[in-house]
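First the structure, in the form of structure tokens, and then the observations on it.
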Amino acid sequence: MKILFLIFTFQFSLALPLLFPFNEEENKIWEAMPKKTTVKPAKLHKALIYSHASGFKHSSIPTGAKALRIMAEKTGVFDATFTIKTEEFTKKGLAKYDLIIFNNCTHIQKAFAEDSQRKAILNFIQDGKAFVGFHSASDGGLPNWPEYTEMIGGCFAGHPWGAGGTWPFFVEDKKHPINRAFTESEFSFSDEIYQYKGYDRSKLRILIGLDSLKTDKKGNSKTNDYPVSWVRSYGKGRIFYSNFGHNKATWWTPFMLQHFLDGIQWCLMDLKGPSKSTPQKI
Ligand SMILES: [Zn+2]
């Protein structure tokens, strides 16, 4: 019976694009999505994915949501619940989830103005659960919710490196399992890259950095420290943030989807790897 069920679910997952025809964007995402996870998930985790922009609205929000839905369906790591509302973000509402994902939302301090909701989100992570932020999830917190900025690791303070450019990056933490998607220690990629305020390297473990000195743009860091993806521990919980995700194409780039999936599995403690801060390398 179990075997029959497995055959059915296997065939069903392969047949999914046929049963529910995908549009062109979804087809590209499905093709680019990893077929197999790096590690088997400990269970089917439950994710609450929030995609409402209270400030600037990225046109890639629906693309990110599609990618996270397809990631859930194809890999089986998590069950995805999508929302653009804030009602679920209470102690009781969040209790049934293992993971919160902020998909390109902006000005989060406006969406979560109530103290009780802010506490519910931060306590959720501190008590041992997971938080993942993509791109403009860091465009918020400051000025009136500094604890959010402290939690996610930095607040958007402009993007000297625009979405139309192709920028040089380096893999700062070559051994971290979240970086196994990157086969070279340096790579070029087109996306919009931020500088930050309220950023404190000593609280974060930087995974990917921008090699700003190889660009003709100058940002706000005296030491040219422009982190792009990072992790941290937060109480008993874990956080993964990546600046990538402004451009729609990021969401159908295979190595980026692998990086995102591994970051999610690390936060969910499926994947082992350090979170201790390391000094700046370049
Ligand atoms: Zn952006």
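By order of appearance in the structure tokens: chains A, B, ..., then residues from 1 within every chain, and ligands from 1 in the order shown.
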
Counting only C-alpha atoms and all ligand atoms, which residues in chain A sit no more than 12 Å from ligand 1? For each one, give the nearest pair of atoms and the distance in Å, sorted by chain then residue number, as CSV.
residue,atom,partner,partner_atom_place_in_ligand_line,distance
A:Ala53,CA,ligand 1,1 (Zn),11.5
A:Gly55,CA,ligand 1,1 (Zn),11.2
A:Phe56,CA,ligand 1,1 (Zn),8.4
A:Lys57,CA,ligand 1,1 (Zn),8.7
A:His58,CA,ligand 1,1 (Zn),6.4
A:Ser59,CA,ligand 1,1 (Zn),9.2
A:Ser60,CA,ligand 1,1 (Zn),8.8
A:Ile61,CA,ligand 1,1 (Zn),10.2
A:Asn103,CA,ligand 1,1 (Zn),11.5
A:Asn104,CA,ligand 1,1 (Zn),8.0
A:Cys105,CA,ligand 1,1 (Zn),10.1
A:Thr106,CA,ligand 1,1 (Zn),9.6
A:Phe134,CA,ligand 1,1 (Zn),10.0
A:His135,CA,ligand 1,1 (Zn),6.5
A:Ser136,CA,ligand 1,1 (Zn),6.0
A:Ala137,CA,ligand 1,1 (Zn),9.8
A:Ser138,CA,ligand 1,1 (Zn),10.2
A:Asp139,CA,ligand 1,1 (Zn),9.0
A:Phe156,CA,ligand 1,1 (Zn),9.6
A:Ala157,CA,ligand 1,1 (Zn),11.5
A:Gly158,CA,ligand 1,1 (Zn),9.5
A:His159,CA,ligand 1,1 (Zn),8.0
A:Pro160,CA,ligand 1,1 (Zn),11.3
A:Trp161,CA,ligand 1,1 (Zn),10.4
A:Gly162,CA,ligand 1,1 (Zn),8.5
A:Ala163,CA,ligand 1,1 (Zn),7.3
A:Gly164,CA,ligand 1,1 (Zn),11.0
A:Ser190,CA,ligand 1,1 (Zn),11.9
A:Asp191,CA,ligand 1,1 (Zn),8.2
A:Glu192,CA,ligand 1,1 (Zn),5.7
A:Ile193,CA,ligand 1,1 (Zn),7.8
A:Tyr194,CA,ligand 1,1 (Zn),8.4
A:Gln195,CA,ligand 1,1 (Zn),11.7
A:Ser242,CA,ligand 1,1 (Zn),11.8
A:Asn243,CA,ligand 1,1 (Zn),8.6
A:Phe244,CA,ligand 1,1 (Zn),8.7
A:Gly245,CA,ligand 1,1 (Zn),7.5
A:His246,CA,ligand 1,1 (Zn),4.4
A:Asn247,CA,ligand 1,1 (Zn),7.5
A:Lys248,CA,ligand 1,1 (Zn),10.4
A:Thr250,CA,ligand 1,1 (Zn),11.8

Note to self: Applying 12 Å and only C-alpha atoms, which residues near A:Glu114 remain after dropping the ones on its own chain fewer than 6 positions away? List them as a PyMOL selection string.
What the structure shows: chain A and resi 86-87+89-90+108+120-121+144-145

Using the selection just defined, write its residues with C-alpha atoms as a CSV table (one decimal), in the first residue's frame.
chain,number,residue,atom,x,y,z
A,86,THR,CA,-0.7,40.1,8.9
A,87,GLU,CA,-3.5,38.4,10.9
A,89,PHE,CA,1.4,36.8,12.9
A,90,THR,CA,0.3,36.3,16.5
A,108,ILE,CA,7.8,46.0,7.5
A,120,ALA,CA,5.3,37.4,18.3
A,121,ILE,CA,7.6,37.4,15.2
A,144,ASN,CA,10.9,52.7,14.4
A,145,TRP,CA,11.4,48.9,14.6

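Counting only C-alpha atoms, the residue from A:Phe78, A:Phe170, A:Tyr97, A:Trp30 that sits nearest to A:Lys281 is A:Phe170.
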
Notebook entry, point to check: Which parts of stretch 105-235 of chain A does DSSP call strand (DSSP E or B) when run on the backbone here, written out as a PyMOL selection string?
Noted result: chain A and resi 130-134+155-156+161+166-171+186-190+193+196-197+205-210+227-234

I need the chosen residues saved as an mmCIF file, in the first residue's frame, with N, CA and C atoms.
data_model
loop_
_atom_site.group_PDB
_atom_site.id
_atom_site.type_symbol
_atom_site.label_atom_id
_atom_site.label_comp_id
_atom_site.auth_asym_id
_atom_site.auth_seq_id
_atom_site.Cartn_x
_atom_site.Cartn_y
_atom_site.Cartn_z
ATOM 1 N N ALA A 130 12.529 29.268 12.484
ATOM 2 C CA ALA A 130 13.364 29.744 11.380
ATOM 3 C C ALA A 130 12.776 30.985 10.714
ATOM 4 N N PHE A 131 13.691 31.847 10.224
ATOM 5 C CA PHE A 131 13.280 33.042 9.477
ATOM 6 C C PHE A 131 14.196 33.193 8.265
ATOM 7 N N VAL A 132 13.557 33.421 7.102
ATOM 8 C CA VAL A 132 14.314 33.635 5.865
ATOM 9 C C VAL A 132 13.819 34.917 5.207
ATOM 10 N N GLY A 133 14.751 35.779 4.806
ATOM 11 C CA GLY A 133 14.384 37.029 4.125
ATOM 12 C C GLY A 133 15.059 37.114 2.774
ATOM 13 N N PHE A 134 14.279 37.504 1.757
ATOM 14 C CA PHE A 134 14.844 37.701 0.421
ATOM 15 C C PHE A 134 14.788 39.178 0.023
ATOM 16 N N CYS A 155 19.820 47.122 7.520
ATOM 17 C CA CYS A 155 18.687 47.796 6.870
ATOM 18 C C CYS A 155 19.157 48.435 5.566
ATOM 19 N N PHE A 156 18.412 48.169 4.514
ATOM 20 C CA PHE A 156 18.652 48.769 3.189
ATOM 21 C C PHE A 156 18.988 50.263 3.313
ATOM 22 N N TRP A 161 24.724 49.570 -6.630
ATOM 23 C CA TRP A 161 24.912 48.586 -7.706
ATOM 24 C C TRP A 161 23.522 48.200 -8.235
ATOM 25 N N THR A 166 25.937 43.963 -14.058
ATOM 26 C CA THR A 166 26.437 42.636 -13.671
ATOM 27 C C THR A 166 27.615 42.883 -12.746
ATOM 28 N N TRP A 167 27.576 42.285 -11.548
ATOM 29 C CA TRP A 167 28.512 42.656 -10.488
ATOM 30 C C TRP A 167 29.370 41.465 -10.051
ATOM 31 N N PRO A 168 30.579 41.773 -9.538
ATOM 32 C CA PRO A 168 31.477 40.682 -9.113
ATOM 33 C C PRO A 168 31.250 40.288 -7.647
ATOM 34 N N PHE A 169 31.120 39.020 -7.403
ATOM 35 C CA PHE A 169 30.891 38.512 -6.039
ATOM 36 C C PHE A 169 31.977 37.508 -5.687
ATOM 37 N N PHE A 170 32.181 37.332 -4.391
ATOM 38 C CA PHE A 170 33.102 36.283 -3.950
ATOM 39 C C PHE A 170 32.418 35.438 -2.879
ATOM 40 N N VAL A 171 32.775 34.162 -2.886
ATOM 41 C CA VAL A 171 32.231 33.238 -1.889
ATOM 42 C C VAL A 171 33.111 33.389 -0.657
ATOM 43 N N GLU A 186 34.723 32.890 -7.086
ATOM 44 C CA GLU A 186 34.245 34.207 -7.522
ATOM 45 C C GLU A 186 33.258 33.992 -8.662
ATOM 46 N N PHE A 187 32.278 34.877 -8.759
ATOM 47 C CA PHE A 187 31.323 34.772 -9.875
ATOM 48 C C PHE A 187 30.704 36.136 -10.148
ATOM 49 N N SER A 188 30.173 36.302 -11.363
ATOM 50 C CA SER A 188 29.474 37.530 -11.733
ATOM 51 C C SER A 188 28.000 37.226 -11.839
ATOM 52 N N PHE A 189 27.174 38.211 -11.460
ATOM 53 C CA PHE A 189 25.736 37.996 -11.528
ATOM 54 C C PHE A 189 25.041 39.347 -11.633
ATOM 55 N N SER A 190 23.876 39.334 -12.287
ATOM 56 C CA SER A 190 23.121 40.572 -12.456
ATOM 57 C C SER A 190 21.970 40.625 -11.449
ATOM 58 N N ILE A 193 22.145 45.350 -5.807
ATOM 59 C CA ILE A 193 22.901 45.053 -4.581
ATOM 60 C C ILE A 193 22.923 46.259 -3.638
ATOM 61 N N TYR A 196 24.123 48.942 3.487
ATOM 62 C CA TYR A 196 23.264 48.827 4.680
ATOM 63 C C TYR A 196 23.573 49.876 5.731
ATOM 64 N N LYS A 197 22.565 50.113 6.577
ATOM 65 C CA LYS A 197 22.794 50.799 7.847
ATOM 66 C C LYS A 197 22.349 49.819 8.939
ATOM 67 N N ARG A 205 27.285 35.671 10.153
ATOM 68 C CA ARG A 205 28.313 34.923 9.418
ATOM 69 C C ARG A 205 28.059 35.171 7.935
ATOM 70 N N ILE A 206 28.988 35.886 7.310
ATOM 71 C CA ILE A 206 28.785 36.291 5.918
ATOM 72 C C ILE A 206 29.144 35.123 4.996
ATOM 73 N N LEU A 207 28.243 34.832 4.050
ATOM 74 C CA LEU A 207 28.445 33.721 3.117
ATOM 75 C C LEU A 207 28.962 34.208 1.761
ATOM 76 N N ILE A 208 28.321 35.271 1.255
ATOM 77 C CA ILE A 208 28.671 35.835 -0.057
ATOM 78 C C ILE A 208 28.883 37.338 0.126
ATOM 79 N N GLY A 209 29.914 37.886 -0.540
ATOM 80 C CA GLY A 209 30.145 39.325 -0.479
ATOM 81 C C GLY A 209 30.268 39.916 -1.874
ATOM 82 N N LEU A 210 30.037 41.220 -1.959
ATOM 83 C CA LEU A 210 30.250 41.947 -3.217
ATOM 84 C C LEU A 210 31.701 42.405 -3.247
ATOM 85 N N PRO A 227 28.128 42.835 2.486
ATOM 86 C CA PRO A 227 27.664 41.449 2.531
ATOM 87 C C PRO A 227 26.430 41.271 1.647
ATOM 88 N N VAL A 228 26.276 40.082 1.103
ATOM 89 C CA VAL A 228 25.162 39.824 0.171
ATOM 90 C C VAL A 228 24.266 38.691 0.677
ATOM 91 N N SER A 229 24.847 37.614 1.163
ATOM 92 C CA SER A 229 24.065 36.546 1.818
ATOM 93 C C SER A 229 24.722 36.256 3.150
ATOM 94 N N TRP A 230 23.902 36.003 4.161
ATOM 95 C CA TRP A 230 24.476 35.681 5.469
ATOM 96 C C TRP A 230 23.527 34.820 6.286
ATOM 97 N N VAL A 231 24.064 34.280 7.377
ATOM 98 C CA VAL A 231 23.254 33.551 8.361
ATOM 99 C C VAL A 231 23.572 34.091 9.742
ATOM 100 N N ARG A 232 22.697 33.800 10.672
ATOM 101 C CA ARG A 232 22.987 34.093 12.074
ATOM 102 C C ARG A 232 22.124 33.198 12.955
ATOM 103 N N SER A 233 22.582 33.055 14.194
ATOM 104 C CA SER A 233 21.743 32.437 15.217
ATOM 105 C C SER A 233 21.023 33.568 15.925
ATOM 106 N N TYR A 234 19.826 33.265 16.391
ATOM 107 C CA TYR A 234 19.031 34.304 17.067
ATOM 108 C C TYR A 234 18.256 33.602 18.177
#

Notebook entry, point to check: Tell me, which residues of stretch 160-258 of chain A carry DSSP alpha helix (DSSP H), written as number ranges by chain?
Noted result: A: 254-258

Checklist line | Counting only C-alpha atoms, the residue of A:Ile178, A:Leu68, A:Leu271, A:Leu48 that sits nearest A:Ile100 | finding: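 For A:Ile100, the nearest of the candidates is A:Leu48.
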
Next item on the list: For A:Trp266, work out the shell of residues within 12 Å, counting only C-alpha atoms and skipping chain neighbours fewer than 4 positions away, then give it as a PyMOL selection string.
Entry: chain A and resi 37-42+77+99+129-132+176-179+230-233+237-241+259-262+270-275

Notebook entry, point to check: So what do you get for atom CA of A:Met71 versus atom CA of A:Phe182, distance-wise?
Noted result: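 Separating atom CA of A:Met71 from atom CA of A:Phe182 is a distance of 18.8 Å.
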
Next item on the list: Between atom CA of A:Lys110 and atom CA of A:Ser54, measure the distance and give it in Å to one decimal.
Entry: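 For atom CA of A:Lys110 relative to atom CA of A:Ser54, the distance reads 6.5 Å.
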
Next item on the list: Work out how far apart atom CA of A:Ser116 and atom CA of A:Lys92 are and give it in Å to one decimal.
Entry: 11.4 Å

Check: A:Lys28, A:Lys236, A:Lys276, A:Arg118: which is nearest A:Thr63, counting only C-alpha atoms?
Finding: A:Lys28
